[in-house]
file structure.csv (CSV, C-alpha atoms)
chain,number,residue,atom,x,y,z
B,1124,MET,CA,12.1,3.6,-30.4
B,1125,ASP,CA,9.3,1.4,-31.6
B,1126,GLU,CA,5.8,1.0,-30.3
B,1127,GLY,CA,6.7,-2.3,-28.6
B,1128,ALA,CA,9.2,-0.6,-26.4
B,1129,ARG,CA,6.8,2.1,-25.4
B,1130,GLN,CA,4.2,-0.5,-24.4
B,1131,ASP,CA,6.8,-2.5,-22.4
B,1132,PHE,CA,7.7,0.7,-20.6
B,1133,ALA,CA,4.0,1.5,-19.9
B,1134,GLU,CA,3.5,-2.1,-18.6
B,1135,PHE,CA,6.5,-1.8,-16.4
B,1136,VAL,CA,5.3,1.6,-15.0
B,1137,ALA,CA,1.8,0.1,-14.4
B,1138,ALA,CA,3.1,-3.0,-12.7
B,1139,ARG,CA,5.8,-1.5,-10.5
B,1140,SER,CA,4.9,2.1,-9.8
B,1141,ARG,CA,3.2,1.4,-6.5
B,1142,GLN,CA,6.2,-0.3,-5.0
B,1143,LEU,CA,8.6,2.3,-6.5
B,1144,THR,CA,6.5,5.1,-5.1
B,1145,ARG,CA,6.6,3.5,-1.7
B,1146,LEU,CA,10.4,3.3,-1.9
B,1147,ALA,CA,10.7,6.9,-3.1
B,1148,TYR,CA,8.5,7.9,-0.2
B,1149,VAL,CA,10.6,6.1,2.4
B,1150,LEU,CA,13.7,7.7,0.9
B,1151,THR,CA,12.3,11.3,0.8
B,1152,GLY,CA,9.7,11.3,3.6
B,1153,ASP,CA,7.6,13.6,1.4
B,1154,GLN,CA,4.9,12.8,-1.1
B,1155,TYR,CA,5.8,15.5,-3.6
B,1156,ALA,CA,9.5,14.9,-3.4
B,1157,ALA,CA,8.8,11.1,-3.8
B,1158,GLU,CA,6.8,11.7,-7.0
B,1159,ASP,CA,9.6,13.9,-8.4
B,1160,LEU,CA,12.3,11.4,-7.5
B,1161,LEU,CA,10.4,8.6,-9.2
B,1162,GLN,CA,9.4,10.7,-12.2
B,1163,ASN,CA,13.0,11.7,-12.9
B,1164,ALA,CA,14.2,8.1,-12.6
B,1165,LEU,CA,11.5,6.9,-14.9
B,1166,ILE,CA,12.3,9.5,-17.5
B,1167,LYS,CA,15.9,8.3,-17.4
B,1168,ALA,CA,14.8,4.8,-17.7
B,1169,ALA,CA,12.7,5.7,-20.8
B,1170,ALA,CA,15.7,7.5,-22.3
B,1171,ASN,CA,17.9,4.5,-21.9
B,1172,TRP,CA,15.2,1.8,-22.4
B,1173,GLY,CA,17.1,0.0,-25.2
B,1174,ARG,CA,20.0,-0.6,-22.8
B,1175,ILE,CA,18.1,-1.3,-19.6
B,1176,HIS,CA,14.8,-2.9,-20.6
B,1177,THR,CA,15.9,-6.4,-19.4
B,1178,ALA,CA,16.2,-5.1,-15.8
B,1179,PRO,CA,14.4,-1.8,-15.6
B,1180,GLU,CA,13.5,-2.0,-11.9
B,1181,ALA,CA,17.1,-2.4,-10.7
B,1182,TYR,CA,18.0,0.6,-12.9
B,1183,VAL,CA,15.2,2.8,-11.6
B,1184,ARG,CA,15.9,1.9,-7.9
B,1185,ARG,CA,19.6,2.5,-8.4
B,1186,ILE,CA,18.9,6.0,-9.9
B,1187,MET,CA,16.6,6.8,-7.0
B,1188,TYR,CA,19.0,5.7,-4.3
B,1189,ARG,CA,22.0,7.5,-5.9
B,1190,GLU,CA,20.0,10.6,-6.6
B,1191,GLN,CA,18.7,10.7,-3.0
B,1192,ALA,CA,22.0,9.8,-1.4
B,1193,SER,CA,24.1,12.2,-3.5
B,1194,TRP,CA,26.4,14.5,-1.8
B,1195,LEU,CA,24.6,17.6,-3.0
B,1196,ARG,CA,21.2,16.5,-2.0
B,1197,ARG,CA,22.5,15.6,1.4
B,1198,ARG,CA,23.7,19.2,1.7
B,1199,ALA,CA,20.6,20.8,0.2
B,1200,ARG,CA,18.1,18.8,2.3
B,1201,ARG,CA,19.6,19.4,5.7
B,1202,ARG,CA,16.6,21.6,6.4
B,1203,GLU,CA,13.8,20.2,8.5
B,1204,THR,CA,11.7,17.6,6.7
B,1205,SER,CA,8.0,17.9,7.2
B,1206,VAL,CA,6.6,14.9,9.0
B,1207,ALA,CA,3.6,13.3,7.4
B,1208,GLN,CA,0.4,12.9,9.5
B,1209,VAL,CA,0.2,10.1,12.0
B,1210,PRO,CA,-1.7,7.1,10.7
B,1211,GLU,CA,-4.4,5.4,12.7
B,1212,PRO,CA,-2.9,2.6,14.9
B,1213,ALA,CA,-4.0,-0.8,13.7
B,1214,ALA,CA,-6.6,-2.3,16.0
B,1215,GLY,CA,-5.2,-4.8,18.5
B,1216,ASP,CA,-1.7,-3.4,18.5
B,1217,ASP,CA,-0.2,-2.7,21.9
B,1218,ALA,CA,-0.5,1.1,22.5
B,1219,ALA,CA,3.1,1.4,23.8
B,1220,SER,CA,4.6,-0.5,20.9
B,1221,VAL,CA,2.6,1.6,18.4
B,1222,GLU,CA,3.9,4.7,20.1
B,1223,ALA,CA,7.4,3.5,20.0
B,1224,ARG,CA,7.2,2.7,16.3
B,1225,LEU,CA,5.7,6.1,15.5
B,1226,ALA,CA,8.5,7.8,17.4
B,1227,LEU,CA,11.0,5.7,15.5
B,1228,ARG,CA,9.4,6.6,12.2
B,1229,ASP,CA,9.7,10.3,13.1
B,1230,ALA,CA,13.4,9.8,14.0
B,1231,LEU,CA,14.0,8.0,10.7
B,1232,LEU,CA,12.5,11.0,8.9
B,1233,ALA,CA,14.9,13.3,10.7
B,1234,LEU,CA,17.9,11.4,9.4
B,1235,PRO,CA,19.9,12.9,6.5
B,1236,PRO,CA,18.8,11.3,3.2
B,1237,ARG,CA,22.1,9.4,2.7
B,1238,ARG,CA,21.9,7.7,6.1
B,1239,ARG,CA,18.3,6.9,5.6
B,1240,ALA,CA,19.1,5.4,2.2
B,1241,VAL,CA,21.6,3.1,3.8
B,1242,LEU,CA,19.1,2.0,6.4
B,1243,VAL,CA,16.4,1.3,3.7
B,1244,LEU,CA,18.8,-0.9,1.8
B,1245,ARG,CA,20.0,-2.7,4.8
B,1246,TYR,CA,16.8,-3.2,6.8
B,1247,LEU,CA,14.0,-2.8,4.4
B,1248,GLU,CA,15.5,-4.4,1.3
B,1249,ASP,CA,17.7,-6.6,3.5
B,1250,LEU,CA,20.8,-6.4,1.3
B,1251,PRO,CA,24.4,-7.2,2.4
B,1252,GLU,CA,26.8,-4.3,2.8
B,1253,SER,CA,28.7,-5.1,-0.4
B,1254,GLN,CA,25.5,-4.7,-2.5
B,1255,VAL,CA,24.5,-1.6,-0.7
B,1256,ALA,CA,27.9,-0.1,-1.5
B,1257,GLU,CA,27.5,-1.1,-5.1
B,1258,ILE,CA,24.1,0.5,-5.5
B,1259,LEU,CA,25.1,3.7,-3.8
B,1260,GLY,CA,28.4,3.9,-5.7
B,1261,CYS,CA,30.5,4.1,-2.5
B,1262,SER,CA,32.8,1.9,-0.5
B,1263,VAL,CA,31.8,-0.7,2.0
B,1264,GLY,CA,33.5,1.3,4.6
B,1265,THR,CA,31.3,4.3,3.9
B,1266,VAL,CA,28.2,2.1,4.1
B,1267,ARG,CA,29.4,0.8,7.5
B,1268,SER,CA,30.1,4.3,8.8
B,1269,GLN,CA,26.8,5.7,7.5
B,1270,ASN,CA,24.9,2.8,9.0
B,1271,HIS,CA,26.7,3.2,12.3
B,1272,LYS,CA,26.0,6.9,12.4
B,1273,ALA,CA,22.4,6.4,11.5
B,1274,VAL,CA,21.7,3.8,14.2
B,1275,THR,CA,23.6,6.0,16.7
B,1276,GLN,CA,21.5,9.0,15.8
B,1277,LEU,CA,18.3,6.9,16.3
B,1278,ARG,CA,19.6,5.5,19.6
B,1279,LEU,CA,20.3,9.0,20.9
B,1280,ALA,CA,16.9,10.3,19.8
B,1281,LEU,CA,15.1,7.3,21.3
B,1282,PRO,CA,17.1,5.9,24.2
B,1283,SER,CA,14.1,3.9,25.5
B,1284,LEU,CA,14.0,1.7,22.4
B,1285,GLY,CA,17.2,-0.1,23.3
B,1286,LEU,CA,18.6,0.1,19.7
B,1287,THR,CA,22.1,-1.4,19.3
B,1288,ASN,CA,24.8,-0.9,16.7
B,1289,THR,CA,25.5,-4.3,15.1
B,1290,GLU,CA,29.1,-3.3,14.3
B,1291,VAL,CA,29.8,-2.6,18.0
B,1292,HIS,CA,28.3,-5.9,19.1
B,1293,GLN,CA,29.8,-8.2,16.5
T,127,MET,CA,17.8,-10.8,12.7
T,128,SER,CA,18.3,-8.7,15.8
T,129,SER,CA,15.5,-6.7,17.5
T,130,THR,CA,17.2,-3.5,16.2
T,131,ASP,CA,17.0,-4.7,12.6
T,132,GLU,CA,13.3,-5.6,13.2
T,133,LEU,CA,12.4,-2.3,14.8
T,134,ILE,CA,14.0,-0.3,12.0
T,135,GLY,CA,12.7,-2.5,9.3
T,136,GLY,CA,9.2,-2.3,10.8
T,137,ALA,CA,9.3,1.5,11.1
T,138,LEU,CA,10.4,1.7,7.5
T,139,ARG,CA,7.6,-0.5,6.4
T,140,ASP,CA,5.1,1.7,8.3
T,141,LEU,CA,6.5,4.7,6.5
T,142,ALA,CA,6.3,3.0,3.1
T,143,ALA,CA,2.7,2.1,3.7
T,144,GLN,CA,1.9,5.8,4.1
T,145,ALA,CA,2.8,6.7,0.5
T,146,VAL,CA,-0.1,7.8,-1.7
T,147,THR,CA,0.5,5.6,-4.8
T,148,VAL,CA,-0.9,7.4,-7.8
T,149,PRO,CA,0.2,5.7,-11.1
T,150,PRO,CA,2.5,8.1,-13.0
T,151,ALA,CA,1.5,9.1,-16.6
T,152,ALA,CA,3.6,6.5,-18.4
T,153,ASP,CA,3.1,8.1,-21.9
T,154,ALA,CA,4.2,11.5,-20.8
T,155,LEU,CA,7.3,10.0,-19.1
T,156,TRP,CA,8.1,8.0,-22.2
T,157,ARG,CA,7.9,11.1,-24.4
T,158,ALA,CA,10.1,13.0,-22.0
T,159,GLY,CA,12.6,10.2,-22.0
T,160,GLN,CA,12.6,10.0,-25.8
T,161,ARG,CA,13.2,13.8,-26.1
T,162,ARG,CA,16.1,13.4,-23.7
T,163,ARG,CA,17.5,10.4,-25.7
T,164,ARG,CA,17.1,12.1,-29.1
T,165,ARG,CA,18.9,15.2,-28.0
T,166,ASN,CA,21.3,13.2,-25.9
T,167,VAL,CA,21.8,16.4,-24.0
T,168,MET,CA,23.6,16.5,-20.8
T,169,ALA,CA,21.3,17.6,-18.0
T,170,ILE,CA,22.3,21.0,-16.8
T,171,SER,CA,21.3,22.5,-13.4
T,172,VAL,CA,22.5,26.0,-13.2
T,173,THR,CA,20.0,28.4,-11.8
T,174,ALA,CA,20.2,31.7,-10.0
T,175,PRO,CA,23.8,31.8,-8.7
T,176,GLY,CA,24.7,30.0,-11.9
T,177,ALA,CA,23.4,33.0,-13.8
T,178,ALA,CA,25.5,35.2,-11.6
T,179,ALA,CA,28.6,33.1,-12.6
T,180,VAL,CA,27.6,33.6,-16.2
T,181,ALA,CA,27.3,37.3,-15.6
T,182,ALA,CA,30.8,37.2,-14.1
T,183,VAL,CA,32.1,35.6,-17.3
T,184,LEU,CA,30.4,38.3,-19.3
T,185,ALA,CA,31.9,41.0,-17.3
T,186,PHE,CA,35.3,39.5,-17.6
T,187,THR,CA,35.0,39.3,-21.4
T,188,LEU,CA,33.6,42.7,-21.7
T,189,GLY,CA,36.4,44.1,-19.6
T,190,GLY,CA,39.0,42.2,-21.6
T,191,GLY,CA,38.0,43.6,-25.0
T,192,GLY,CA,34.4,44.6,-25.2
T,193,VAL,CA,31.5,43.1,-27.0
T,194,PRO,CA,29.9,45.5,-29.4
T,195,SER,CA,26.3,46.3,-28.5
T,196,GLY,CA,23.8,44.4,-30.6
T,197,HIS,CA,26.5,41.7,-31.3
T,198,ALA,CA,24.0,39.0,-30.4
T,199,GLY,CA,22.1,39.8,-33.6
T,200,SER,CA,25.2,39.2,-35.7
T,201,VAL,CA,25.7,35.7,-34.6
T,202,GLY,CA,22.4,34.5,-35.8
T,203,GLY,CA,19.5,36.9,-35.2
T,204,ALA,CA,16.8,35.8,-32.9
T,205,THR,CA,17.8,32.2,-32.2
T,206,GLY,CA,21.5,31.8,-32.4
T,207,ALA,CA,24.3,31.0,-34.8
T,208,THR,CA,24.6,28.4,-37.5
T,209,GLY,CA,27.5,27.4,-39.7
T,210,PRO,CA,31.0,26.8,-38.3
T,211,LEU,CA,31.8,29.3,-35.6
T,212,ALA,CA,35.2,30.2,-34.3
T,213,LEU,CA,35.2,30.7,-30.5
T,214,SER,CA,37.4,33.4,-29.1
T,215,THR,CA,36.9,31.9,-25.7
T,216,PRO,CA,37.3,28.1,-25.8
T,217,ILE,CA,34.8,25.8,-24.1
T,218,GLN,CA,36.5,23.2,-21.9
T,219,PHE,CA,35.0,20.0,-20.8
T,220,GLU,CA,36.8,18.7,-17.7
T,221,GLN,CA,36.2,15.4,-15.8
T,222,VAL,CA,35.5,16.1,-12.1
T,223,ALA,CA,37.9,14.4,-9.7
T,224,ARG,CA,36.7,15.5,-6.4
T,225,VAL,CA,33.9,17.6,-4.9
T,226,SER,CA,34.4,19.3,-1.6
T,227,MET,CA,32.8,21.9,0.7
T,228,PRO,CA,33.6,25.6,0.5
T,229,PRO,CA,35.9,27.5,1.1
T,230,CYS,CA,37.7,26.3,-2.1
T,231,THR,CA,41.4,25.7,-2.0
T,232,ALA,CA,43.7,27.2,-4.6
T,233,HIS,CA,43.4,24.1,-6.8
T,234,ALA,CA,39.7,23.8,-6.6
T,235,LYS,CA,37.1,25.7,-8.6
T,236,PRO,CA,33.9,27.0,-7.1
T,237,VAL,CA,30.7,25.7,-8.7
T,238,PRO,CA,27.5,27.8,-8.6
T,239,ARG,CA,24.4,26.1,-7.3
T,240,SER,CA,20.7,26.8,-7.1
T,241,ALA,CA,19.5,29.5,-4.8
T,242,GLY,CA,19.6,28.6,-1.1
T,243,ALA,CA,22.1,25.7,-1.5
T,244,ALA,CA,25.8,26.1,-0.8
T,245,SER,CA,28.3,26.3,-3.6
T,246,THR,CA,30.7,23.4,-4.0
T,247,CYS,CA,34.3,23.2,-5.0
T,248,ILE,CA,35.6,20.8,-7.6
T,249,ARG,CA,38.9,19.6,-8.7
T,250,PHE,CA,39.6,18.1,-12.2
T,251,THR,CA,41.3,14.9,-13.1
T,252,GLY,CA,43.1,16.4,-16.0
T,253,THR,CA,41.1,14.3,-18.4
T,254,GLY,CA,39.2,16.6,-20.7
T,255,MET,CA,39.1,18.5,-24.0
T,256,ALA,CA,38.8,22.1,-25.3
T,257,VAL,CA,36.6,23.2,-28.1
T,258,THR,CA,37.6,26.2,-30.2
T,259,ARG,CA,35.1,25.8,-33.0
T,260,LEU,CA,31.4,24.8,-33.1
T,261,GLU,CA,29.4,23.5,-35.9
T,262,SER,CA,26.4,25.5,-34.7
T,263,ALA,CA,24.9,27.0,-31.6
T,264,ARG,CA,21.3,27.8,-30.9
T,265,VAL,CA,19.4,29.4,-28.1
T,266,GLN,CA,16.1,27.8,-27.0
T,267,ARG,CA,13.9,27.2,-24.0
T,268,ASP,CA,15.0,24.4,-21.8
T,269,PRO,CA,12.9,21.2,-21.7
T,270,GLN,CA,11.0,22.5,-18.6
T,271,GLY,CA,10.3,25.7,-20.5
T,272,HIS,CA,11.3,27.9,-17.5
T,273,GLN,CA,14.7,29.0,-18.7
T,274,TYR,CA,16.9,29.2,-21.7
T,275,GLN,CA,19.8,27.1,-22.9
T,276,ILE,CA,22.4,27.1,-25.6
T,277,ASP,CA,22.4,23.9,-27.6
T,278,ILE,CA,25.8,23.5,-29.2
T,279,ARG,CA,26.7,21.1,-31.9
T,280,LEU,CA,30.4,20.1,-32.2
T,281,THR,CA,32.4,19.8,-35.3
T,282,PRO,CA,32.7,16.1,-36.5
T,283,ALA,CA,36.3,15.8,-35.3
T,284,ASP,CA,35.4,17.3,-31.8
T,285,ALA,CA,32.3,15.1,-31.7
T,286,ARG,CA,34.4,12.0,-32.0
T,287,ARG,CA,36.7,13.2,-29.2
T,288,PHE,CA,33.6,14.1,-27.1
T,289,ALA,CA,32.1,10.6,-27.7
T,290,THR,CA,35.4,9.1,-26.4
T,291,LEU,CA,35.5,11.4,-23.4
T,292,THR,CA,31.9,10.9,-22.4
T,293,ARG,CA,32.1,7.2,-22.9
T,294,GLU,CA,35.0,7.1,-20.5
T,295,VAL,CA,33.4,9.4,-18.0
T,296,ALA,CA,29.9,7.8,-18.0
T,297,GLY,CA,31.2,4.5,-16.7
T,298,GLN,CA,32.9,5.9,-13.6
T,299,LEU,CA,31.7,6.3,-10.1
T,300,SER,CA,30.5,9.7,-8.8
T,301,PRO,CA,31.9,12.3,-9.0
T,302,ARG,CA,34.1,11.1,-11.8
T,303,ASN,CA,31.1,10.6,-14.0
T,304,GLN,CA,30.7,14.4,-14.1
T,305,LEU,CA,32.0,16.7,-16.7
T,306,ALA,CA,32.5,20.4,-15.8
T,307,ILE,CA,31.9,22.9,-18.6
T,308,VAL,CA,34.5,25.7,-18.1
T,309,THR,CA,34.9,29.0,-20.0
T,310,ASN,CA,37.4,31.7,-19.1
T,311,GLY,CA,38.4,29.7,-15.9
T,312,HIS,CA,34.8,29.8,-14.6
T,313,VAL,CA,32.9,26.5,-14.1
T,314,LEU,CA,29.4,27.0,-15.5
T,315,THR,CA,28.1,23.7,-14.5
T,316,ASP,CA,29.1,20.1,-13.9
T,317,PRO,CA,26.5,17.7,-15.1
T,318,VAL,CA,26.5,13.9,-14.6
T,319,VAL,CA,27.1,12.1,-17.9
T,320,MET,CA,24.6,9.3,-18.1
T,321,SER,CA,25.9,7.6,-21.2
T,322,ALA,CA,28.3,8.2,-24.1
T,323,ILE,CA,27.2,11.2,-26.1
T,324,THR,CA,27.9,10.2,-29.7
T,325,VAL,CA,25.9,12.8,-31.5
T,326,GLY,CA,28.2,15.7,-30.6
T,327,GLN,CA,25.6,17.8,-28.9
T,328,ALA,CA,25.6,19.4,-25.5
T,329,ALA,CA,23.6,22.2,-23.8
T,330,ILE,CA,24.7,25.0,-21.5
T,331,GLY,CA,21.6,26.0,-19.5
T,332,GLY,CA,20.5,28.2,-16.7
T,333,PHE,CA,19.9,31.5,-18.5
T,334,VAL,CA,16.9,33.4,-17.2
T,335,SER,CA,16.2,35.1,-20.5
T,336,ARG,CA,16.8,34.7,-24.2
T,337,PRO,CA,18.9,38.0,-24.4
T,338,GLN,CA,21.1,36.7,-21.6
T,339,ALA,CA,21.8,33.5,-23.4
T,340,LEU,CA,22.4,35.3,-26.7
T,341,PHE,CA,24.7,37.7,-25.0
T,342,PHE,CA,26.7,34.8,-23.5
T,343,LEU,CA,26.9,33.1,-26.9
T,344,ALA,CA,28.1,36.4,-28.4
T,345,THR,CA,30.9,36.6,-25.8
T,346,LEU,CA,32.1,33.1,-26.8
T,347,THR,CA,32.2,33.9,-30.5
T,348,SER,CA,33.3,37.5,-30.5
T,349,GLY,CA,36.8,38.6,-31.5

call {"tool": "encode", "arguments": {"input": "structure.csv", "output": "structure tokens"}}
result
Amino acid sequence: MDEGARQDFAEFVAARSRQLTRLAYVLTGDQYAAEDLLQNALIKAAANWGRIHTAPEAYVRRIMYREQASWLRRRARRRETSVAQVPEPAAGDDAASVEARLALRDALLALPPRRRAVLVLRYLEDLPESQVAEILGCSVGTVRSQNHKAVTQLRLALPSLGLTNTEVHQ
Amino acid sequence: MSSTDELIGGALRDLAAQAVTVPPAADALWRAGQRRRRRNVMAISVTAPGAAAVAAVLAFTLGGGGVPSGHAGSVGGATGATGPLALSTPIQFEQVARVSMPPCTAHAKPVPRSAGAASTCIRFTGTGMAVTRLESARVQRDPQGHQYQIDIRLTPADARRFATLTREVAGQLSPRNQLAIVTNGHVLTDPVVMSAITVGQAAIGGFVSRPQALFFLATLTSG
């Protein structure tokens, strides 16, 4: 691969690694696991650069989502996930709402990776179910059921938040 | 957007903001990617229990006929074998149809996994190929440098079949994008095929030592 491609790759990494690290962190809930996840995806992107250089970010994101949501990782990572330290609440925020958000964040970290990946795609990236299914390589039905289970799990963990399952109320 | 959507979205954004964003070393990643591309090797992830499965294959082979001691040396000395090699035990590449939890049913094969993780059971689609000759085989350290792998080069005819097979498998949804490597009825590993492998090379990894890899290679070629 020529020098130009290497430079394109370096520019892509420099421009997008912050956002991609954040996504990896939301998916894994762990700094080291996030760095591993992103690094592996970027190595795959470098290996296939000739094919994917027109849309590298979509490729890297897809690799990370699929890797994190894969059946095996879901099994292997059932163990407790360490919860990162609590950040300082932003000045001016209502204390009760900050507490609720922190509790919700902890409940999100306790979700199995596949369910969390579905929530990230639906509520952080705001993608429709069909696109979520396409990215994760599963059916729309699986996306719906994973989404439903995830919201149910959050609702049971945090009854005071009043979370509702959109499918149920449609 | 409902309040549930907003609550979950907000908590996910809080979480994202906590990440420490250190820029990765792009040059090192690029070099690793190019090594991967040049070798076009299927990523292999057999570790401790995988090694146990390999040992089981060895035991089976030894029980079936015996491998002369020191045989590893005769297939290529310190690093492996070169020149066309006839395999007494064919290497099969089988497309994975389904992955399920243990216990494995009669039609599913157990797959070894890394220490601490459960084994899985896989069924094949019936699409696959068997290799009875190799152009060459070589033992070397894996890219991470922690373990050893056998790099195999297929004969030109097999390489063309392998390219067709991997091209077909690579485009499919998980787990049908996985190819299991099977010898003697034992699944050694079932890597995901990222893209068509046209250079006729593959690697069987997960050996904890060079002698173990050489010994396994010897069992494939003995007889």

call {"tool": "closest_residue", "arguments": {"input": "structure.csv", "among": "T:Asp268, T:Thr324, T:Gly331, T:Gln273", "to": "Arg161 (chain T)", "atoms": "all atoms listed in the file"}}
result
T:Asp268

call {"tool": "closest_residue", "arguments": {"input": "structure.csv", "among": "B:Gly1173, B:Pro1179, B:Gly1264, B:Gly1285", "to": "Asp1125 (chain B)", "atoms": "all atoms listed in the file"}}
result
B:Gly1173

call {"tool": "atom_distance", "arguments": {"input": "structure.csv", "atom1": "CA of Ile134 (chain T)", "atom2": "CA of Arg1145 (chain B)"}}
result
16.0 Å

call {"tool": "residues_around", "arguments": {"input": "structure.csv", "residues": "His233 (chain T)", "least_positions_apart": "5", "cutoff": "9 Å", "atoms": "all atoms listed in the file", "output": "ChimeraX atom specification"}}
result
/T:248-250

call {"tool": "residues_around", "arguments": {"input": "structure.csv", "residues": "Val146 (chain T)", "least_positions_apart": "2", "cutoff": "12 Å", "atoms": "all atoms listed in the file", "output": "number ranges by chain"}}
result
B: 1140-1149, 1152-1155, 1157-1158, 1207; T: 141-144, 148-150

call {"tool": "residues_around", "arguments": {"input": "structure.csv", "residues": "Ala339 (chain T)", "least_positions_apart": "3", "cutoff": "7 Å", "atoms": "all atoms listed in the file", "output": "list in words"}}
result
Val265, Tyr274, Gln275, Ile276, Phe333, Ser335, Arg336, Phe342 and Leu343 of chain T

call {"tool": "residues_around", "arguments": {"input": "structure.csv", "residues": "region 1185-1192 of chain B", "least_positions_apart": "3", "cutoff": "8 Å", "atoms": "all atoms listed in the file", "output": "PyMOL selection string"}}
result
chain B and resi 1147+1150-1151+1160-1161+1164+1181-1182+1196-1197+1236-1238+1240+1258-1260
